[in-house]
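Participant: What follows is the file structure.txt, containing compact mmCIF, C-alpha atoms:
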# COMPACT_ATOMS: atom_id res chain seq x y z
CA ASP W 1 7.66 -10.06 50.01
CA ARG W 2 8.23 -6.29 50.36
CA GLN W 3 10.33 -6.55 53.50
CA GLY W 4 12.62 -9.06 51.82
CA ILE W 5 13.00 -6.75 48.82
CA ARG W 6 13.83 -3.84 51.14
CA CYS W 7 16.43 -6.01 52.85
CA CYS W 8 17.93 -6.86 49.48
CA TYR W 9 18.10 -3.18 48.50
CA TYR W 10 19.65 -2.32 51.84
CA TYR W 11 22.19 -5.11 51.44
CA ILE W 12 23.02 -4.02 47.89
CA GLY W 13 23.41 -0.39 49.02
CA TRP W 14 25.64 -1.48 51.85
CA MET W 15 27.78 -3.52 49.43
CA VAL W 16 28.02 -0.55 47.03
CA LYS W 17 29.26 1.69 49.87
CA ILE W 18 31.83 -0.89 50.84
CA LEU W 19 32.98 -1.16 47.22
CA GLU W 20 33.18 2.63 46.93
CA GLN W 21 35.22 2.80 50.11
CA MET W 22 37.48 0.04 48.85
CA GLN W 23 37.88 1.84 45.51
CA THR W 24 38.76 5.06 47.33
CA ARG W 25 41.33 3.22 49.42
CA ILE W 26 42.76 1.52 46.34
CA SER W 27 43.08 4.89 44.58
CA SER W 28 44.72 6.35 47.65
CA VAL W 29 47.17 3.46 47.80
CA GLU W 30 47.90 3.81 44.06
CA GLN W 31 48.62 7.52 44.49
CA ALA W 32 50.86 6.77 47.43
CA ASN W 33 52.66 4.15 45.37
CA GLN W 34 53.14 6.60 42.48
CA THR W 35 54.49 9.21 44.87
CA LEU W 36 56.81 6.64 46.38
CA LEU W 37 58.01 5.55 42.93
CA ARG W 38 58.73 9.15 41.94
CA SER W 39 60.56 9.73 45.19
CA ASN W 40 62.57 6.55 44.66
CA ARG W 41 63.48 7.62 41.13
CA GLN W 42 64.58 11.05 42.36
CA LEU W 43 66.56 9.44 45.15
CA LEU W 44 68.18 7.05 42.69
CA GLU W 45 69.08 9.93 40.36
CA LEU W 46 70.51 11.87 43.30
CA LEU W 47 72.57 8.86 44.40
CA GLN W 48 73.82 8.33 40.85
CA ASP W 49 74.79 12.00 40.60
CA LYS W 50 76.59 11.84 43.96
CA GLU W 51 78.34 8.67 42.86
CA GLN W 52 79.51 10.45 39.70
CA GLU W 53 80.59 13.46 41.75
CA LEU W 54 82.72 11.25 44.00
CA LEU W 55 84.20 9.52 40.94
CA ASP W 56 85.06 12.93 39.42
CA TYR W 57 86.65 13.98 42.70
CA GLN W 58 88.66 10.75 42.93
CA ARG W 59 89.92 11.01 39.35
CA ASN W 60 90.92 14.65 39.69
CA LEU W 61 92.34 14.50 43.23
CA ILE W 62 95.75 13.28 42.14
CA TYR W 63 96.17 16.37 39.95
CA GLU W 64 95.00 18.71 42.70
CA LEU W 65 97.34 17.18 45.29
CA ASN W 66 100.32 17.13 42.93
CA ASP W 67 100.00 20.75 41.81
CA PRO W 68 103.56 22.17 41.85
CA ARG W 69 102.28 25.24 43.70
CA LEU W 70 101.34 22.89 46.53
CA THR W 71 104.07 20.25 46.47
CA LYS W 72 106.94 22.21 44.84
CA GLN W 73 107.52 19.19 42.60
CA LYS W 74 108.11 19.60 38.87
CA ASN W 75 105.05 17.85 37.47
CA TRP W 76 103.70 18.73 34.03
CA TYR W 77 101.10 21.39 34.60
CA PRO W 78 100.59 24.43 32.39
CA THR W 79 102.18 27.53 33.91
CA LEU W 80 99.72 30.40 34.41
CA ALA W 81 100.57 34.03 35.15
CA PRO W 82 98.73 35.80 37.99
CA ILE W 83 95.64 37.66 36.77
CA GLU W 84 96.95 40.97 38.14
CA GLU W 85 100.04 40.67 35.93
CA THR W 86 97.92 39.95 32.87
CA ILE W 87 95.76 43.03 33.45
CA GLU W 88 98.90 45.14 33.91
CA LYS W 89 100.35 43.88 30.61
CA ILE W 90 97.10 44.68 28.81
CA ILE W 91 96.98 48.21 30.25
CA THR W 92 100.62 49.30 30.19
CA GLU W 93 102.01 47.29 27.27
CA GLY W 94 98.95 47.28 25.01
CA LYS W 95 98.85 43.49 24.85
CA SER W 96 95.95 41.63 23.24
CA LEU W 97 94.32 38.56 24.76
CA ALA W 98 92.90 35.43 23.10
CA ARG W 99 91.16 33.06 25.51
CA PHE W 100 90.66 29.29 25.28
CA GLY W 101 87.94 27.61 27.33
CA ASP W 102 86.21 24.25 27.12
CA GLY W 103 84.30 25.38 24.02
CA GLU W 104 87.45 26.24 22.07
CA PHE W 105 89.26 23.04 23.05
CA SER W 106 86.18 21.01 22.09
CA THR W 107 86.02 22.73 18.70
CA ILE W 108 89.68 21.88 18.08
CA ALA W 109 88.85 18.25 18.92
CA GLY W 110 85.93 18.28 16.47
CA ARG W 111 83.17 18.29 19.08
CA VAL W 112 80.35 20.69 19.94
CA ARG W 113 80.09 21.71 23.58
CA HIS W 114 78.35 25.11 23.71
CA LYS W 115 75.41 26.81 22.01
CA PHE W 116 77.78 29.45 20.57
CA GLN W 117 78.90 26.84 18.05
CA THR W 118 76.13 24.39 17.24
CA GLU W 119 77.94 22.29 14.65
CA PRO W 120 81.47 20.91 14.16
CA ASP W 121 83.65 23.13 11.95
CA ALA W 122 87.03 21.72 10.95
CA GLY W 123 88.15 25.07 9.53
CA LEU W 124 87.34 26.86 12.78
CA GLY W 125 89.11 24.14 14.74
CA GLU W 126 92.28 24.51 12.66
CA ARG W 127 92.26 28.30 13.06
CA LEU W 128 91.89 27.94 16.84
CA LYS W 129 94.76 25.46 16.98
CA LYS W 130 97.03 27.88 15.12
CA VAL W 131 96.12 30.72 17.48
CA LEU W 132 96.82 28.50 20.50
CA CYS W 133 100.32 27.86 19.12
CA ALA W 134 100.92 31.45 18.00
CA GLN W 135 104.12 33.19 19.12
CA GLU W 136 103.08 36.81 18.53
CA ASN W 137 104.87 39.09 20.98
CA GLN W 138 101.81 41.28 21.60
CA LEU W 139 99.32 38.41 21.88
CA LEU W 140 98.63 36.78 25.24
CA ILE W 141 97.07 33.30 25.25
CA GLY W 142 94.69 32.51 28.10
CA ILE W 143 93.60 29.08 29.30
CA ALA W 144 91.37 28.15 32.24
CA ASP W 145 93.04 27.45 35.57
CA ASN W 146 91.57 23.94 35.82
CA TYR W 147 94.63 21.71 35.96
CA GLY W 148 95.73 21.58 39.60
CA MET W 149 94.46 22.71 42.98
CA LEU W 150 91.00 24.25 43.07
CA ASP W 151 91.06 25.89 46.49
CA CYS W 152 90.03 29.34 45.26
CA TYR W 153 86.74 28.07 43.79
CA ASN W 154 83.42 27.33 45.46
CA GLU W 155 82.03 23.79 45.68
CA GLN W 156 79.80 24.12 42.62
CA ALA W 157 82.72 25.30 40.48
CA LYS W 158 84.91 22.48 41.79
CA ARG W 159 82.24 19.93 40.84
CA GLU W 160 81.93 21.39 37.33
CA ILE W 161 85.69 21.44 36.77
CA ARG W 162 86.15 17.88 38.05
CA ARG W 163 83.28 16.67 35.88
CA TYR W 164 84.84 18.27 32.81
CA MET W 165 88.54 17.54 33.44
CA ASN W 166 88.43 13.78 33.03
CA PRO W 167 91.68 12.03 32.02
CA GLU W 168 90.77 12.04 28.31
CA ILE W 169 90.10 15.79 28.23
CA ARG W 170 93.25 16.46 30.25
CA ARG W 171 95.33 14.48 27.74
CA GLU W 172 93.77 16.42 24.84
CA HIS W 173 94.71 19.72 26.43
CA LEU W 174 98.25 18.78 27.38
CA GLN W 175 98.98 17.49 23.88
CA LEU W 176 98.21 21.00 22.59
CA LEU W 177 99.89 23.06 25.32
CA ARG W 178 103.59 23.78 25.76
CA ARG W 179 105.72 23.11 28.81
CA ASP W 180 107.96 26.14 28.16
CA ARG W 181 105.18 28.72 27.80
CA VAL W 182 103.55 30.93 30.41
CA TYR W 183 99.80 31.21 29.75
CA GLU W 184 97.36 33.77 31.09
CA ASN W 185 94.41 32.79 33.26
CA ALA W 186 91.30 32.78 31.08
CA TYR W 187 89.16 33.17 34.21
CA LEU W 188 90.32 36.79 34.26
CA THR W 189 86.94 37.61 32.69
CA ARG W 190 85.01 35.48 35.19
CA PRO W 191 85.68 37.28 38.47
CA TYR W 192 82.53 36.41 40.39
CA VAL W 193 80.35 33.29 40.25
CA MET W 194 82.87 30.49 40.56
CA TYR W 195 85.01 31.93 43.35
CA ALA W 196 84.76 30.87 47.00
CA ASP W 197 84.95 34.53 48.06
CA ASN W 198 82.02 35.67 45.91
CA GLN W 199 80.07 36.87 48.95
CA THR W 200 82.88 39.19 50.09
CA ASP W 201 84.14 42.49 48.66
CA ALA W 202 86.80 40.65 46.59
CA PRO W 203 84.74 40.45 43.34
CA ALA W 204 84.09 44.21 43.45
CA LYS W 205 87.84 44.81 43.65
CA ARG W 206 88.45 42.43 40.74
CA PHE W 207 85.88 44.25 38.59
CA GLU W 208 87.44 47.62 39.44
CA LYS W 209 90.82 46.35 38.20
CA LEU W 210 89.26 45.08 34.99
CA LYS W 211 87.54 48.42 34.36
CA GLN W 212 90.95 50.05 34.12
CA ILE W 213 91.50 48.20 30.82
CA TRP W 214 88.96 50.35 28.97
CA ASN W 215 89.17 53.48 31.11
CA ASN W 216 88.85 56.52 28.79
CA ARG W 217 89.55 54.29 25.77
CA LYS W 218 87.86 54.52 22.40
CA CYS W 219 86.20 51.09 22.40
CA VAL W 220 84.79 48.91 19.64
CA PHE W 221 82.65 46.03 20.90
CA VAL W 222 82.46 43.02 18.59
CA GLU W 223 79.70 40.94 20.09
CA GLY W 224 76.82 38.60 19.40
CA CYS W 225 73.61 40.35 18.45
CA GLN W 226 72.01 39.35 21.77
CA SER W 227 74.99 39.96 24.06
CA ALA W 228 74.25 43.65 24.80
CA LEU W 229 77.51 44.31 26.62
CA GLY W 230 77.03 46.96 29.30
CA VAL W 231 73.35 47.50 28.55
CA GLY W 232 71.45 48.05 31.79
CA ASN W 233 74.57 48.30 33.96
CA ASP W 234 77.55 50.62 34.52
CA LEU W 235 80.34 48.18 33.62
CA PHE W 236 81.59 50.27 30.69
CA ASP W 237 80.51 53.73 31.86
CA ASN W 238 84.16 54.79 32.15
CA ALA W 239 84.92 54.00 28.49
CA GLY W 240 85.76 57.04 26.38
CA SER W 241 83.36 55.98 23.62
CA ILE W 242 81.63 52.83 22.37
CA LYS W 243 80.92 51.51 18.89
CA ARG W 244 79.37 48.11 18.25
CA ILE W 245 79.85 45.56 15.49
CA LEU W 246 77.28 42.77 15.77
CA GLY W 247 77.61 39.18 14.66
CA PRO W 248 75.23 36.23 15.02
CA ALA W 249 74.52 34.93 18.51
CA GLU W 250 75.54 31.44 17.29
CA ASN W 251 77.92 30.14 14.60
CA ALA W 252 79.42 33.61 14.11
CA TYR W 253 82.38 32.18 12.22
CA ARG W 254 80.19 31.86 9.12
CA HIS W 255 80.28 35.68 8.89
CA TYR W 256 83.88 36.07 10.04
CA PRO W 257 85.27 37.66 6.82
CA ASP W 258 82.64 40.44 6.90
CA ILE W 259 83.15 41.07 10.60
CA TYR W 260 86.93 41.16 10.20
CA ARG W 261 86.79 43.58 7.25
CA GLU W 262 84.57 45.93 9.26
CA CYS W 263 87.03 45.84 12.14
CA LEU W 264 89.87 46.90 9.84
CA LYS W 265 87.96 50.10 9.03
CA GLN W 266 88.32 51.31 12.63
CA ASP W 267 90.99 53.64 13.98
CA LYS W 268 94.24 52.00 15.07
CA ASP W 269 93.99 53.51 18.55
CA SER W 270 90.69 51.71 19.17
CA LEU W 271 90.47 49.06 21.86
CA PHE W 272 88.52 46.04 20.60
CA LEU W 273 86.52 44.20 23.27
CA LEU W 274 85.33 40.86 21.92
CA ALA W 275 82.45 38.62 23.00
CA LEU W 276 81.73 36.37 20.04
CA GLY W 277 82.32 32.79 21.15
CA PRO W 278 85.24 30.94 19.49
CA SER W 279 85.36 33.58 16.74
CA ALA W 280 86.51 36.12 19.33
CA THR W 281 89.61 34.02 20.01
CA ILE W 282 90.59 34.10 16.33
CA LEU W 283 89.66 37.76 15.91
CA ALA W 284 91.87 38.79 18.84
CA SER W 285 94.82 37.14 17.08
CA ASP W 286 94.07 38.53 13.62
CA LEU W 287 93.56 42.09 14.88
CA CYS W 288 96.73 41.89 16.96
CA LYS W 289 98.71 40.95 13.84
CA MET W 290 97.31 44.06 12.13
CA GLY W 291 98.49 46.35 14.91
CA TYR W 292 95.26 46.67 16.89
CA GLN W 293 94.73 45.88 20.56
CA ALA W 294 91.96 43.33 21.06
CA VAL W 295 90.85 41.68 24.30
CA ASP W 296 88.56 38.66 24.35
CA ILE W 297 86.30 39.47 27.33
CA GLY W 298 83.83 36.60 26.94
CA HIS W 299 81.22 36.39 29.72
CA ILE W 300 82.40 39.43 31.67
CA ASP W 301 79.13 41.35 31.25
CA LEU W 302 77.02 38.42 32.46
CA GLU W 303 79.41 37.96 35.38
CA TYR W 304 78.87 41.62 36.27
CA GLU W 305 75.09 41.22 36.05
CA TRP W 306 75.28 38.23 38.40
CA PHE W 307 77.56 40.19 40.72
CA LEU W 308 75.00 43.02 40.87
CA LYS W 309 72.24 40.49 41.71
CA GLY W 310 74.43 39.21 44.54
CA GLU W 311 73.06 35.66 44.62
CA GLY W 312 76.39 33.94 43.96
CA ARG W 313 75.02 31.90 41.07
CA ARG W 314 74.19 32.04 37.36
CA ILE W 315 70.71 33.34 36.60
CA ALA W 316 68.88 34.39 33.45
CA ILE W 317 69.20 38.05 32.39
CA ALA W 318 66.12 38.96 30.38
CA GLU W 319 67.71 40.80 27.43
CA LYS W 320 71.04 38.98 27.25
CA TYR W 321 72.06 35.73 25.57
CA ASN W 322 73.32 33.20 28.11
CA ASN W 323 74.52 29.75 27.10
CA GLU W 324 74.85 28.60 30.72
CA VAL W 325 71.25 28.68 31.97
CA PRO W 326 68.10 26.90 30.67
CA ASP W 327 66.48 28.81 27.78
CA GLY W 328 69.18 31.46 28.07
CA ASN W 329 69.55 31.41 24.29
CA HIS W 330 66.10 33.03 23.89
CA PRO W 331 66.47 36.50 25.43
CA GLN W 332 63.98 39.33 25.07
CA GLU W 333 64.42 41.97 22.38
CA ILE W 334 66.90 44.73 23.27
CA LYS W 335 65.05 48.05 23.19
CA ASP W 336 67.74 50.33 24.62
CA GLU W 337 68.06 53.34 22.26
CA LYS W 338 71.62 54.20 23.27
CA TYR W 339 72.66 50.62 22.45
CA ARG W 340 71.05 50.85 19.00
CA ALA W 341 72.73 54.19 18.29
CA GLU W 342 76.16 52.64 18.98
CA ILE W 343 75.77 49.91 16.32
CA ILE W 344 77.90 50.70 13.26
CA ALA W 345 77.54 47.32 11.52
CA ASP W 346 75.23 44.34 11.94
CA PHE W 347 76.10 40.94 10.42
CA SER W 348 73.64 38.95 12.50
For this file, produce the structure as C-alpha cells.
Facilitator:
Amino acid sequence: DRQGIRCCYYYIGWMVKILEQMQTRISSVEQANQTLLRSNRQLLELLQDKEQELLDYQRNLIYELNDPRLTKQKNWYPTLAPIEETIEKIITEGKSLARFGDGEFSTIAGRVRHKFQTEPDAGLGERLKKVLCAQENQLLIGIADNYGMLDCYNEQAKREIRRYMNPEIRREHLQLLRRDRVYENAYLTRPYVMYADNQTDAPAKRFEKLKQIWNNRKCVFVEGCQSALGVGNDLFDNAGSIKRILGPAENAYRHYPDIYRECLKQDKDSLFLLALGPSATILASDLCKMGYQAVDIGHIDLEYEWFLKGEGRRIAIAEKYNNEVPDGNHPQEIKDEKYRAEIIADFS
C-alpha cells in the first residue's frame, strides 16, 4: 500500500544519509591519514638529516679538537696565514692571489661539484693542480680554513663544513698540500655569511679592509657574464676605474685562451679582479707570471649583497648569478647602462 511505499522511501533516504555521512567520515579519515603520512615522512627525513649531522660532527670532531692552535701539538694540518696579513701583502707588496675551494679540489679529483663547471675536464684539473703546487714568489695560494677548529663560524657553516670534510675528502686535500708551506685563507673573500659574528659590526670592518685592495686602482674585472660585480651596490665605488672582460657564466675554461689574450692587452699597472669559477684560479697564476697583479675575489660581491640585506644568510639577488641558492643560475637580465659601458670584451 501507499503507506508502506512511503516507509520504504523514508527508510531508503535514511540509509542514503547514513551512507553519505559514512563516506564523509571515511574521506575525512583518509585525509587525516595522508596528512599523518606526510608528517611522518617529513619527521623521518628530519631525523635522518639530524643523524647525518651528528655523524658528520663525530667524524670531524677529532680534527677540530686536535687543531695545533688549540692543543699546541704538531699534527698535520695546513698552515694558514691570518687574513689581515694576506690583505697587507696584496696591498703593499703587489701580490696576486689564486684561491682553491671545494669546486677546485673536486675538479682536480675529476668530479663536478658546482654549477660553474658542469662537466669533468681533465685538462682544467691538471692546470689547477699545477697552480696549487706553484712556487711563484708573487703568487699567494689560498685554501679554505676547514681543517681544524671551527669556532669562528656559525652553526650552519659548521654543519656544511663537517658534511663536506669527510675522511676521504680530507685525504684528497692533504695528498695535494704541503707541510712546509704557508697558505692564505681562501675565506678572505667570504667575510659575512658563514661567520658567527655576522650580526655585529665585524663584517663591515672586514669589508672596509678588503676595499683597500682596489682603492684608487685601475681595475679590470674578469667575470662571468651574469656576475655583475658591484652593480647595484657601492663595493667598488672607491676604484679608480673599471673595465670588464666577460666570460661564460659556466664552463668558462672553454674560452680561456681568448679571455687570457684579452687580458694581456691591458696596461701592466692594472689590478685584475677575477670572478670566473675555477678559471679565475688559473688566470691569477698566468697573469702573475706575466707581471700583472691579479686577485681571485670569487663570491665577494654576493657576500656584500647579503651583508647589505642583513639577514645573515644566502639569498637570491635578482640580477646576479648565484650557484649557492635554488634557481640562482637563472638571474634577470642586467640593464645597468654604466655596467654595459664598462665592458671591453665579451666571450660569453
Participant: Counting only C-alpha atoms, what is within 9 Å of range 165-179 of chain W, bar same-chain residues fewer than 6 positions away, as a list in words?
Facilitator: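 In the requested format, the answer is Asp56, Arg59, Asn60, Trp76, Tyr77, Pro78, Thr79, Phe105, Ser106, Ala109, Lys129, Leu132, Cys133, Asn146 and Tyr147 of chain W.
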Participant: May I have the residues from that selection written out with C-alpha atoms, as a PDB file, in the coordinates of the input?
Facilitator:
ATOM      1  CA  ASP W  56      85.060  12.930  39.420  1.00  0.00           C
ATOM      2  CA  ARG W  59      89.920  11.010  39.350  1.00  0.00           C
ATOM      3  CA  ASN W  60      90.920  14.650  39.690  1.00  0.00           C
ATOM      4  CA  TRP W  76     103.700  18.730  34.030  1.00  0.00           C
ATOM      5  CA  TYR W  77     101.100  21.390  34.600  1.00  0.00           C
ATOM      6  CA  PRO W  78     100.590  24.430  32.390  1.00  0.00           C
ATOM      7  CA  THR W  79     102.180  27.530  33.910  1.00  0.00           C
ATOM      8  CA  PHE W 105      89.260  23.040  23.050  1.00  0.00           C
ATOM      9  CA  SER W 106      86.180  21.010  22.090  1.00  0.00           C
ATOM     10  CA  ALA W 109      88.850  18.250  18.920  1.00  0.00           C
ATOM     11  CA  LYS W 129      94.760  25.460  16.980  1.00  0.00           C
ATOM     12  CA  LEU W 132      96.820  28.500  20.500  1.00  0.00           C
ATOM     13  CA  CYS W 133     100.320  27.860  19.120  1.00  0.00           C
ATOM     14  CA  ASN W 146      91.570  23.940  35.820  1.00  0.00           C
ATOM     15  CA  TYR W 147      94.630  21.710  35.960  1.00  0.00           C
TER      16      TYR W 147
END
Participant: Pick the closest to Gln332 in chain W from W:Ala228, W:Glu104, W:Asn238, W:Leu276: which is it, counting only C-alpha atoms?
Facilitator: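 So, comparing all the options, the nearest one is W:Ala228.
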Participant: Can you work out which one of W:Ile315, W:Ala345, W:Ala32, W:Leu55 has the shortest atom-to-atom distance to Lys243 in chain W, counting all atoms listed in the file?
Facilitator: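 Closest to Lys243 in chain W, using all atoms listed in the file: W:Ala345.
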Participant: Place a sphere of radius 10 Å on (84.2, 42.8, 18.6) in the file coordinates and name every protein, DNA or RNA residue with an atom inside or on its surface, counting only C-alpha atoms; give the answer as a VMD selection string.
Facilitator: chain W and resid 219 to 224 243 to 247 259 to 260 262 to 263 271 to 276 279 to 280 283 to 284 294 to 297
Participant: What does the distance from CA of Thr35 in chain W to CA of Met22 in chain W come to in Å, to one decimal?
Facilitator: 19.7 Å
Participant: For Ala157 in chain W, which residue among W:Asp180, W:Val131, W:Asp67, W:Tyr187 is the nearest when counting all atoms listed in the file?
Facilitator: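 Comparing W:Asp180, W:Val131, W:Asp67, W:Tyr187 against Ala157 in chain W, the winner is W:Tyr187.
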Participant: Skipping near chain neighbours, those fewer than 2 positions away, what residues fall within 12 Å of Ile91 in chain W using only C-alpha atoms, listed as a PyMOL selection string?
Facilitator: chain W and resi 84-89+93-97+209-217+271+293-295
